[in-house]
$ cat upload-v3.csv   # CSV, C-alpha atoms and all ligand atoms
chain,number,residue,atom,x,y,z
A,1,MET,CA,-2.0,20.9,-2.5
A,2,ILE,CA,0.3,23.5,-0.8
A,3,LYS,CA,2.7,25.2,-3.3
A,4,TYR,CA,4.0,28.2,-1.3
A,5,HIS,CA,6.2,27.6,1.7
A,6,PRO,CA,8.2,29.7,4.2
A,7,SER,CA,11.9,30.0,3.2
A,8,HIS,CA,14.6,27.9,5.0
A,9,GLU,CA,15.9,31.1,6.7
A,10,LEU,CA,12.4,31.9,8.1
A,11,LEU,CA,12.0,28.3,9.4
A,12,ASP,CA,15.4,28.5,11.0
A,13,THR,CA,14.6,31.8,12.7
A,14,PHE,CA,11.3,30.3,13.8
A,15,VAL,CA,13.1,27.4,15.5
A,16,THR,CA,15.5,29.7,17.3
A,17,GLY,CA,12.6,31.8,18.6
A,18,GLN,CA,13.7,35.0,16.9
A,19,LEU,CA,10.5,35.8,15.0
A,20,PRO,CA,7.7,38.2,16.1
A,21,ALA,CA,4.7,36.3,17.5
A,22,SER,CA,2.7,37.2,14.3
A,23,PHE,CA,5.2,35.4,12.0
A,24,SER,CA,5.7,32.5,14.5
A,25,ALA,CA,1.9,31.9,14.5
A,26,ALA,CA,1.9,31.9,10.7
A,27,ILE,CA,4.6,29.3,10.5
A,28,ALA,CA,3.0,27.3,13.3
A,29,ILE,CA,-0.2,27.3,11.3
A,30,HIS,CA,1.6,26.4,8.1
A,31,THR,CA,3.5,23.5,9.6
A,32,GLU,CA,0.3,22.2,11.1
A,33,LEU,CA,-0.9,21.8,7.5
A,34,CYS,CA,2.4,21.1,5.6
A,35,ASP,CA,4.2,17.8,6.2
A,36,ILE,CA,7.3,19.0,4.3
A,37,CYS,CA,7.9,22.1,6.5
A,38,ARG,CA,6.9,20.2,9.7
A,39,ASN,CA,9.7,17.7,8.9
A,40,LYS,CA,12.1,20.5,8.2
A,41,VAL,CA,11.3,22.2,11.5
A,42,ALA,CA,11.8,18.9,13.3
A,43,GLN,CA,15.3,18.5,11.6
A,44,LEU,CA,16.3,22.1,12.4
A,45,GLU,CA,15.2,21.6,16.1
A,46,SER,CA,17.3,18.5,16.5
A,47,THR,CA,20.3,20.2,14.7
A,48,HIS,CA,20.1,23.3,17.0
A,49,ALA,CA,19.6,21.1,20.1
A,50,ASN,CA,22.7,19.0,19.1
A,51,ASN,CA,24.7,22.2,18.5
A,52,THR,CA,23.7,23.7,21.8
A,53,PHE,CA,24.5,20.5,23.7
A,54,THR,CA,27.8,20.1,21.9
A,55,SER,CA,29.0,23.7,22.5
A,56,VAL,CA,28.1,23.5,26.3
A,57,ALA,CA,29.7,20.0,26.6
A,58,ASP,CA,32.8,21.1,24.8
A,59,GLU,CA,33.4,23.8,27.4
A,60,ASP,CA,33.6,21.4,30.3
A,61,HIS,CA,34.0,18.0,28.5
A,62,TYR,CA,31.0,16.7,30.4
A,63,LEU,CA,27.7,18.0,31.8
A,64,THR,CA,25.9,17.3,35.0
A,65,ALA,CA,22.5,18.6,36.3
A,66,ASP,CA,24.2,20.7,39.0
A,67,MET,CA,26.2,22.5,36.3
A,68,LEU,CA,23.0,23.5,34.6
A,69,PHE,CA,21.0,24.5,37.7
A,70,ASN,CA,21.9,25.9,41.1
A,71,ASP,CA,20.3,24.3,44.2
A,72,TRP,CA,17.3,26.6,44.2
A,73,GLU,CA,16.6,26.1,40.5
A,74,MET,CA,17.0,22.3,41.0
A,75,ASP,CA,14.5,22.3,43.9
A,76,SER,CA,12.0,24.5,41.9
A,77,LEU,CA,12.4,22.2,38.9
A,78,ILE,CA,11.8,19.1,40.9
A,79,SER,CA,8.8,20.5,42.7
A,80,ALA,CA,7.4,21.9,39.4
A,81,ILE,CA,7.5,18.4,38.0
A,82,THR,CA,6.1,16.6,41.0
A,83,ASP,CA,3.5,19.3,41.7
A,84,ASP,CA,2.3,19.3,38.1
A,85,THR,CA,-1.3,18.2,38.6
A,86,GLU,CA,-2.3,20.1,35.5
A,87,SER,CA,-0.7,17.6,33.2
A,88,ILE,CA,-2.3,14.7,35.1
A,89,HIS,CA,-5.8,16.2,34.6
A,90,ALA,CA,-5.1,17.5,31.1
A,91,THR,CA,-7.9,17.0,28.6
A,92,ALA,CA,-7.8,17.3,24.9
A,93,THR,CA,-8.3,20.8,23.7
A,94,THR,CA,-11.6,21.4,21.9
A,95,PRO,CA,-11.3,22.7,18.4
A,96,GLN,CA,-12.4,26.3,18.4
A,97,SER,CA,-14.2,27.8,15.5
A,98,VAL,CA,-15.1,31.2,14.2
A,99,SER,CA,-18.0,32.3,12.1
A,100,PHE,CA,-17.9,34.7,9.2
A,101,ASN,CA,-21.0,35.5,7.3
A,102,ASP,CA,-22.8,32.4,8.7
A,103,THR,CA,-20.1,30.0,7.8
A,104,ALA,CA,-18.2,28.3,10.7
A,105,TYR,CA,-14.4,27.8,10.3
A,106,GLN,CA,-12.3,25.7,12.6
A,107,LEU,CA,-9.3,27.6,13.8
A,108,PRO,CA,-5.8,26.2,13.6
A,109,ARG,CA,-4.3,25.1,17.0
A,110,ALA,CA,-1.9,28.1,17.0
A,111,LEU,CA,-4.9,30.5,17.0
A,112,GLN,CA,-7.2,28.8,19.5
A,113,HIS,CA,-6.2,30.8,22.5
A,114,ILE,CA,-6.0,34.2,20.8
A,115,VAL,CA,-8.7,36.8,21.4
A,116,LEU,CA,-10.3,37.9,18.1
A,117,GLY,CA,-11.5,41.5,17.8
A,118,LYS,CA,-15.0,42.4,16.6
A,119,GLN,CA,-15.8,41.9,12.9
A,120,LEU,CA,-15.8,44.9,10.6
A,121,HIS,CA,-17.4,44.7,7.1
A,122,VAL,CA,-16.7,46.6,3.9
A,123,GLY,CA,-18.4,45.1,0.8
A,124,LYS,CA,-17.5,41.4,0.6
A,125,LEU,CA,-14.6,41.8,3.0
A,126,THR,CA,-14.8,41.1,6.8
A,127,ARG,CA,-11.9,41.8,9.1
A,128,SER,CA,-11.3,40.7,12.7
A,129,ARG,CA,-8.1,41.9,14.4
A,130,LEU,CA,-5.9,39.7,16.5
A,131,ASP,CA,-4.2,41.8,19.2
A,132,LEU,CA,-0.6,40.6,19.4
A,133,ASN,CA,0.7,44.0,20.6
A,134,GLU,CA,3.3,44.3,17.9
A,135,GLY,CA,3.0,48.0,17.1
A,136,ALA,CA,2.9,48.7,13.4
A,137,ILE,CA,2.6,45.0,12.6
A,138,HIS,CA,-1.1,44.4,12.3
A,139,VAL,CA,-2.5,40.8,12.4
A,140,SER,CA,-6.0,40.0,11.2
A,141,LEU,CA,-8.3,37.3,10.0
A,142,LEU,CA,-9.6,38.4,6.7
A,143,HIS,CA,-12.7,36.8,5.2
A,144,ILE,CA,-13.6,37.5,1.5
A,145,GLN,CA,-17.0,36.2,0.2
A,146,ALA,CA,-17.2,34.4,-3.1
A,147,GLY,CA,-16.6,36.8,-6.0
A,148,GLY,CA,-14.8,39.3,-3.7
A,149,CYS,CA,-11.6,41.0,-4.8
A,150,ILE,CA,-9.0,43.5,-3.6
A,151,PRO,CA,-8.1,46.1,-6.2
A,152,ASN,CA,-4.5,46.3,-7.6
A,153,HIS,CA,-2.2,47.4,-4.8
A,154,THR,CA,1.3,47.3,-3.4
A,155,HIS,CA,2.8,47.7,0.1
A,156,LYS,CA,5.4,50.0,1.6
A,157,GLY,CA,6.5,47.1,3.8
A,158,SER,CA,5.5,43.4,3.7
A,159,GLU,CA,2.3,41.5,3.5
A,160,LEU,CA,2.1,37.9,4.7
A,161,THR,CA,-1.0,35.9,3.9
A,162,LEU,CA,-1.6,32.4,5.2
A,163,LEU,CA,-4.6,30.8,3.5
A,164,LEU,CA,-6.7,29.1,6.2
A,165,GLU,CA,-9.7,28.0,4.0
A,166,GLY,CA,-10.8,28.4,0.4
A,167,SER,CA,-8.6,29.7,-2.5
A,168,PHE,CA,-7.8,32.9,-4.3
A,169,GLU,CA,-5.7,33.9,-7.3
A,170,ASP,CA,-3.7,36.9,-8.5
A,171,GLU,CA,-1.3,37.8,-11.3
A,172,MET,CA,1.3,35.5,-9.8
A,173,GLY,CA,-0.7,32.3,-9.3
A,174,THR,CA,-3.5,30.4,-7.6
A,175,TYR,CA,-3.3,29.9,-3.8
A,176,ASN,CA,-4.9,27.1,-1.7
A,177,LYS,CA,-5.4,26.2,1.9
A,178,GLY,CA,-2.0,26.2,3.7
A,179,ASP,CA,-0.2,28.4,1.2
A,180,PHE,CA,2.3,30.9,2.8
A,181,ILE,CA,2.6,34.0,0.7
A,182,LEU,CA,5.1,36.7,1.6
A,183,LEU,CA,5.1,39.8,-0.5
A,184,ASN,CA,7.0,43.1,-0.3
A,185,SER,CA,7.0,46.5,-2.1
A,186,ASP,CA,8.4,44.8,-5.2
A,187,HIS,CA,5.0,43.1,-5.7
A,188,THR,CA,1.8,44.6,-7.1
A,189,HIS,CA,-1.2,42.4,-7.3
A,190,SER,CA,-5.0,42.2,-7.3
A,191,PRO,CA,-6.3,39.1,-5.5
A,192,ILE,CA,-9.7,37.7,-6.4
A,193,THR,CA,-11.6,34.8,-4.9
A,194,LYS,CA,-14.1,32.8,-6.9
A,195,HIS,CA,-15.5,30.7,-4.0
A,196,GLY,CA,-14.5,32.8,-1.0
A,197,CYS,CA,-11.6,32.4,1.4
A,198,LEU,CA,-10.4,33.0,5.0
A,199,CYS,CA,-6.8,34.3,5.5
A,200,TYR,CA,-4.5,35.0,8.4
A,201,THR,CA,-2.8,38.3,7.4
A,202,VAL,CA,0.2,40.1,8.8
A,203,VAL,CA,0.8,43.6,7.3
A,204,ASP,CA,3.2,46.3,8.5
A,205,SER,CA,1.9,49.3,6.6
A,206,PRO,CA,-1.4,50.2,4.9
A,207,LEU,CA,-2.0,48.9,1.4
A,208,THR,CA,-1.5,51.4,-1.4
A,209,PHE,CA,-3.8,51.2,-4.4
A,210,THR,CA,-2.1,51.9,-7.6
A,211,GLU,CA,-4.4,52.3,-10.5
A,212,GLY,CA,-6.5,55.4,-11.6
A,213,MET,CA,-9.9,55.2,-9.9
A,214,ALA,CA,-8.7,52.5,-7.5
A,215,LYS,CA,-6.7,55.2,-5.7
A,216,ILE,CA,-10.0,56.5,-4.3
A,217,LEU,CA,-10.1,53.2,-2.4
A,218,ASN,CA,-7.1,54.0,-0.3
A,219,PRO,CA,-9.2,54.1,2.9
A,220,LEU,CA,-9.9,50.4,2.1
A,221,GLY,CA,-6.1,50.0,2.4
A,222,ASN,CA,-6.3,51.2,6.0
A,223,PHE,CA,-9.2,48.8,6.6
A,224,ILE,CA,-7.3,45.8,5.4
A,225,TYR,CA,-4.2,46.9,7.2
B,301,ZN,ZN,5.5,24.1,3.8
$ encode --input "upload-v3.csv" --output "structure tokens" --more "lines below"
Ligand SMILES: [Zn+2]
Amino acid sequence: MIKYHPSHELLDTFVTGQLPASFSAAIAIHTELCDICRNKVAQLESTHANNTFTSVADEDHYLTADMLFNDWEMDSLISAITDDTESIHATATTPQSVSFNDTAYQLPRALQHIVLGKQLHVGKLTRSRLDLNEGAIHVSLLHIQAGGCIPNHTHKGSELTLLLEGSFEDEMGTYNKGDFILLNSDHTHSPITKHGCLCYTVVDSPLTFTEGMAKILNPLGNFIY
């Protein structure tokens, strides 16, 4: 069962389209798996749509199509609708999957058209980058084999983990498929997975390992970032 959800503020920014693509994708994946947040998003969408309509209508008391579109836009809109052969021939999208260490995982809808980078391996960790072109914000699929762990670390910025399959635990709790975990520099943790897991991760700075010998692992922090 999903225990960790995006905040109301994040869902609201998602609905108004103000989030970077990396965070939008995480919320889209989460709402695909979480009935509670899917309903909240639907409510926020209808609230925002009503507010927008009311504020436009208030200005002129009523609204007609020619107030929203000029002639050229109206013509383009009509021809776009009438010429839209694509929707007539639309077929159901085939679920795409990705394999890590000989196990196939079905990708969530939000990730089915995103190009995945080649897989890099360090110990029980495998990382495949998603190129969303967001500068310092790095997005990856991170696979950890059963028994794998990431030593105690913190972050200069934030770390978002969306659990796609499997489970892991750290000092703060146990996480399962669909959990949305957003941490910042206030958090220090050492995740471990008993049975393996696949995560969608968004990190905006390298991980910093904090304890004694673990500090020699700081190149691993760059790998995960
Ligand atoms: Zn949720």
$ residues_around --input "upload-v3.csv" --residues "A:Ser205" --least-positions-apart "5" --cutoff "10 Å" --atoms "only C-alpha atoms" --output "list in words"
Ala136, Ile137, His138, His155, Lys156, Gly157, Ser158, Glu159, Gly221, Asn222, Ile224 and Tyr225 of chain A
$ write_last_selection --input "upload-v3.csv" --atoms "C-alpha atoms" --output "mmCIF file, keeping the file's coordinate frame"
data_model
loop_
_atom_site.group_PDB
_atom_site.id
_atom_site.type_symbol
_atom_site.label_atom_id
_atom_site.label_comp_id
_atom_site.auth_asym_id
_atom_site.auth_seq_id
_atom_site.Cartn_x
_atom_site.Cartn_y
_atom_site.Cartn_z
ATOM 1 C CA ALA A 136 2.900 48.700 13.400
ATOM 2 C CA ILE A 137 2.600 45.000 12.600
ATOM 3 C CA HIS A 138 -1.100 44.400 12.300
ATOM 4 C CA HIS A 155 2.800 47.700 0.100
ATOM 5 C CA LYS A 156 5.400 50.000 1.600
ATOM 6 C CA GLY A 157 6.500 47.100 3.800
ATOM 7 C CA SER A 158 5.500 43.400 3.700
ATOM 8 C CA GLU A 159 2.300 41.500 3.500
ATOM 9 C CA GLY A 221 -6.100 50.000 2.400
ATOM 10 C CA ASN A 222 -6.300 51.200 6.000
ATOM 11 C CA ILE A 224 -7.300 45.800 5.400
ATOM 12 C CA TYR A 225 -4.200 46.900 7.200
#
$ residues_near_ligand --input "upload-v3.csv" --ligand "ligand ZN 301 (chain B)" --cutoff "7 Å" --atoms "only C-alpha atoms and all ligand atoms" --output "PDB file with C-alpha atoms, in the coordinates of the input"
ATOM      1  CA  ILE A   2       0.300  23.500  -0.800  1.00  0.00           C
ATOM      2  CA  TYR A   4       4.000  28.200  -1.300  1.00  0.00           C
ATOM      3  CA  HIS A   5       6.200  27.600   1.700  1.00  0.00           C
ATOM      4  CA  PRO A   6       8.200  29.700   4.200  1.00  0.00           C
ATOM      5  CA  HIS A  30       1.600  26.400   8.100  1.00  0.00           C
ATOM      6  CA  THR A  31       3.500  23.500   9.600  1.00  0.00           C
ATOM      7  CA  CYS A  34       2.400  21.100   5.600  1.00  0.00           C
ATOM      8  CA  ASP A  35       4.200  17.800   6.200  1.00  0.00           C
ATOM      9  CA  ILE A  36       7.300  19.000   4.300  1.00  0.00           C
ATOM     10  CA  CYS A  37       7.900  22.100   6.500  1.00  0.00           C
TER      11      CYS A  37
END
$ atom_distance --input "upload-v3.csv" --atom1 "atom CA of A:Ser190" --atom2 "atom CA of A:Met172"
9.5 Å
$ closest_residue --input "upload-v3.csv" --among "A:Glu9, A:Glu165, A:Asp102, A:Glu45" --to "A:Thr193" --atoms "all atoms listed in the file"
A:Glu165
$ residues_around --input "upload-v3.csv" --residues "stretch 121-128 of chain A" --least-positions-apart "3" --cutoff "7 Å" --atoms "only C-alpha atoms" --output "list in words"
Leu116, Gly117, Lys118, Ser140, Leu141, Leu142, His143, Ile144, Gln145 and Gly148 of chain A
$ write_last_selection --input "upload-v3.csv" --atoms "C-alpha atoms" --output "mmCIF file, in the coordinates of the input"
data_model
loop_
_atom_site.group_PDB
_atom_site.id
_atom_site.type_symbol
_atom_site.label_atom_id
_atom_site.label_comp_id
_atom_site.auth_asym_id
_atom_site.auth_seq_id
_atom_site.Cartn_x
_atom_site.Cartn_y
_atom_site.Cartn_z
ATOM 1 C CA LEU A 116 -10.300 37.900 18.100
ATOM 2 C CA GLY A 117 -11.500 41.500 17.800
ATOM 3 C CA LYS A 118 -15.000 42.400 16.600
ATOM 4 C CA SER A 140 -6.000 40.000 11.200
ATOM 5 C CA LEU A 141 -8.300 37.300 10.000
ATOM 6 C CA LEU A 142 -9.600 38.400 6.700
ATOM 7 C CA HIS A 143 -12.700 36.800 5.200
ATOM 8 C CA ILE A 144 -13.600 37.500 1.500
ATOM 9 C CA GLN A 145 -17.000 36.200 0.200
ATOM 10 C CA GLY A 148 -14.800 39.300 -3.700
#
$ closest_residue --input "upload-v3.csv" --among "A:Leu44, A:Leu183, A:Leu130, A:Val15" --to "A:His113" --atoms "only C-alpha atoms"
A:Leu130
$ atom_distance --input "upload-v3.csv" --atom1 "atom CA of A:Leu162" --atom2 "atom CA of A:Asp179"
5.8 Å
$ residues_around --input "upload-v3.csv" --residues "A:Thr13" --least-positions-apart "4" --cutoff "12 Å" --atoms "all atoms listed in the file" --output "ChimeraX atom specification"
/A:6-9,17-21,23-24,27,41,44-45,48
$ atom_distance --input "upload-v3.csv" --atom1 "atom CA of A:Phe180" --atom2 "atom CA of A:Ser22"
13.1 Å
